[in-house]
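Peer 1: Data: work00.txt, compact mmCIF, C-alpha atoms.
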```txt
# COMPACT_ATOMS: atom_id res chain seq x y z
CA MET A 934 21.63 -3.96 -6.00
CA GLY A 935 19.32 -6.93 -5.53
CA PHE A 936 18.47 -9.32 -2.76
CA SER A 937 17.13 -12.82 -2.50
CA SER A 938 13.88 -13.12 -0.54
CA ALA A 939 15.25 -16.34 0.92
CA PHE A 940 17.79 -14.29 2.86
CA VAL A 941 15.49 -11.55 4.12
CA THR A 942 14.20 -12.16 7.62
CA ARG A 943 10.86 -10.74 8.73
CA ARG A 944 12.65 -8.21 10.94
CA GLY A 945 14.97 -7.31 8.07
CA LEU A 946 12.03 -6.89 5.71
CA THR A 947 10.19 -4.64 8.16
CA GLY A 948 13.32 -2.53 8.60
CA MET A 949 13.82 -2.34 4.86
CA LEU A 950 10.22 -1.24 4.33
CA ALA A 951 10.57 1.39 7.07
CA ALA A 952 13.71 2.71 5.35
CA ILE A 953 11.88 2.89 2.01
CA GLY A 954 9.06 4.78 3.71
CA PHE A 955 11.52 7.19 5.27
CA MET A 956 13.21 7.83 1.93
CA ALA A 957 9.86 8.45 0.23
CA ALA A 958 8.82 10.82 3.02
CA ALA A 959 12.06 12.75 2.67
CA ALA A 960 11.51 13.01 -1.07
CA HIS A 961 8.16 14.74 -0.75
CA GLY A 962 8.75 16.86 2.35
CA ALA A 963 7.30 16.81 5.83
CA HIS A 964 3.61 16.79 4.82
CA ALA A 965 1.55 13.64 5.09
CA ALA A 966 1.61 11.73 1.82
CA THR A 967 -1.10 9.94 -0.09
CA VAL A 968 0.14 6.46 -0.91
CA LEU A 969 -1.48 3.99 -3.32
CA VAL A 970 -0.56 0.34 -2.72
CA THR A 971 -1.69 -2.40 -5.09
CA GLY A 972 -1.83 -5.97 -3.79
CA ALA A 973 -2.27 -4.63 -0.26
CA ASN A 974 -4.16 -7.58 1.19
CA ARG A 975 -1.15 -9.62 2.34
CA GLY A 976 2.61 -9.93 2.48
CA MET A 977 4.72 -6.97 1.47
CA GLY A 978 1.73 -4.94 0.27
CA LEU A 979 0.06 -5.21 3.67
CA GLU A 980 3.30 -4.31 5.41
CA PHE A 981 3.63 -1.17 3.28
CA VAL A 982 0.08 -0.21 4.30
CA LYS A 983 0.94 -0.71 7.98
CA GLN A 984 4.16 1.31 7.75
CA TYR A 985 2.73 4.28 5.88
CA ALA A 986 -0.48 4.44 7.93
CA ALA A 987 1.53 4.29 11.17
CA LYS A 988 3.39 7.45 10.18
CA GLY A 989 0.16 9.28 9.44
CA ASP A 990 -0.02 9.04 5.66
CA THR A 991 -3.27 8.42 3.81
CA VAL A 992 -3.12 4.97 2.24
CA ILE A 993 -5.30 3.79 -0.63
CA ALA A 994 -4.94 0.03 -0.26
CA THR A 995 -6.15 -2.05 -3.17
CA ALA A 996 -6.93 -5.73 -3.49
CA ARG A 997 -8.58 -7.86 -6.15
CA THR A 998 -11.21 -9.03 -3.69
CA PRO A 999 -11.45 -6.60 -0.77
CA ALA A 1000 -14.25 -8.60 0.87
CA LYS A 1001 -11.77 -11.45 1.42
CA ALA A 1002 -8.93 -9.21 2.64
CA ASP A 1003 -9.68 -9.85 6.31
CA GLU A 1004 -6.43 -8.57 7.82
CA LEU A 1005 -6.44 -5.45 5.65
CA ASN A 1006 -10.08 -4.69 6.48
CA GLU A 1007 -9.42 -5.16 10.20
CA LEU A 1008 -6.45 -2.80 9.97
CA ALA A 1009 -8.57 -0.23 8.11
CA LYS A 1010 -11.32 -0.39 10.75
CA GLY A 1011 -8.87 0.83 13.36
CA ASN A 1012 -7.21 3.48 11.19
CA GLY A 1013 -9.05 6.30 9.44
CA ASN A 1014 -6.03 6.87 7.18
CA ILE A 1015 -6.59 3.61 5.29
CA ILE A 1016 -9.04 3.37 2.39
CA VAL A 1017 -9.64 -0.10 0.95
CA ASP A 1018 -10.58 -0.26 -2.73
CA GLU A 1019 -11.01 -2.97 -5.33
CA LEU A 1020 -8.41 -3.25 -8.07
CA ASP A 1021 -7.28 -6.08 -10.28
CA VAL A 1022 -4.30 -4.61 -12.15
CA THR A 1023 -5.06 -6.86 -15.15
CA ASP A 1024 -8.57 -5.40 -15.53
CA LEU A 1025 -8.42 -2.19 -17.58
CA ALA A 1026 -11.99 -1.20 -16.64
CA GLN A 1027 -11.09 -1.38 -12.93
CA ILE A 1028 -7.93 0.65 -13.52
CA ASP A 1029 -9.94 3.31 -15.35
CA ALA A 1030 -12.61 3.35 -12.60
CA LEU A 1031 -10.01 3.78 -9.85
CA ALA A 1032 -8.25 6.52 -11.83
CA ALA A 1033 -11.56 8.34 -12.26
CA LYS A 1034 -12.39 7.99 -8.57
CA TYR A 1035 -9.09 9.56 -7.50
CA LYS A 1036 -8.63 11.97 -10.43
CA ASP A 1037 -8.54 14.95 -8.07
CA THR A 1038 -6.24 13.26 -5.54
CA ALA A 1039 -2.49 13.76 -5.71
CA ILE A 1040 -0.77 10.39 -5.29
CA ASP A 1041 2.64 11.03 -3.75
CA VAL A 1042 3.85 7.42 -3.66
CA LEU A 1043 2.76 4.49 -5.83
CA ILE A 1044 3.72 1.00 -4.75
CA ASN A 1045 2.70 -1.34 -7.53
CA ASN A 1046 3.14 -4.58 -5.63
```
Here is the file; what I need is its structure written in the form of structure tokens.
Peer 2:
Amino acid sequence: MGFSSAFVTRRGLTGMLAAIGFMAAAAHGAHAATVLVTGANRGMGLEFVKQYAAKGDTVIATARTPAKADELNELAKGNGNIIVDELDVTDLAQIDALAAKYKDTAIDVLINN
């Protein structure tokens, strides 16, 4: 089942993301999840960060250039559940470095945006 982004309103998108978050939470039980979101600096990635952090999950939010991710950084300042990290998914060295950094962390949900 697909959808065209031209027909998804902002309210509809937020509701859809909340439903996805609810389904993921149900899949891994009642405990707080650790969620890794790539491309978290804007758009859908940022909305996923907001939704998961609001429900108390730990969110590892990645962006190619975190220093320029103003809205994400502002959100992280006000929420101790959000960790902002650098990741360009086309850079294998950065992927390896992030994997090494979180090698002892169970990632419950991966959103490769």
Peer 1: Counting all atoms listed in the file, figure out which residue out of A:Met977, A:Ala1033, A:Ile1040, A:Leu1025 gets nearest to A:Ile993.
Peer 2: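 Using all atoms listed in the file, the shortest distance to A:Ile993 belongs to A:Ile1040.
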Peer 1: If we count all atoms listed in the file, what is near A:Gly972 at a cut-off of 6 Å, once residues fewer than 3 positions away on the same chain are taken out, given as a VMD selection string?
Peer 2: chain A and resid 978 995 to 996 1046
Peer 1: I'd like the neighbourhood of A:Val1042 as a ChimeraX atom specification, where a residue qualifies if any of its atoms comes within 7 Å (using all atoms listed in the file), though same-chain residues fewer than 4 positions away should be ignored.
Peer 2: /A:967-969
Peer 1: Write out as a ChimeraX atom specification the residues lying within 10 Å of A:Ala994, counting only C-alpha atoms and excluding same-chain residues fewer than 5 positions away.
Peer 2: /A:968-974,978-979,981-982,999,1005-1006,1009,1015-1020,1044
Peer 1: Pick the closest to A:Asp1021 from A:Leu1008, A:Thr1038, A:Thr998, A:His964: which is it, counting all atoms listed in the file?
Peer 2: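 So, comparing all the options, the nearest one is A:Thr998.
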Peer 1: How many Å lie between atom CA of A:Asp1003 and atom CA of A:Ala986, rounded to one decimal?
Peer 2: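 Rounded to one decimal, the two atoms are 17.1 Å apart.
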Peer 1: Please list as a ChimeraX atom specification every residue within 12 Å of A:Ala987, counting all atoms listed in the file and excluding residues in the same chain fewer than 2 positions away.
Peer 2: /A:951,954-955,965-966,980-985,989-992,1008-1009,1011-1015
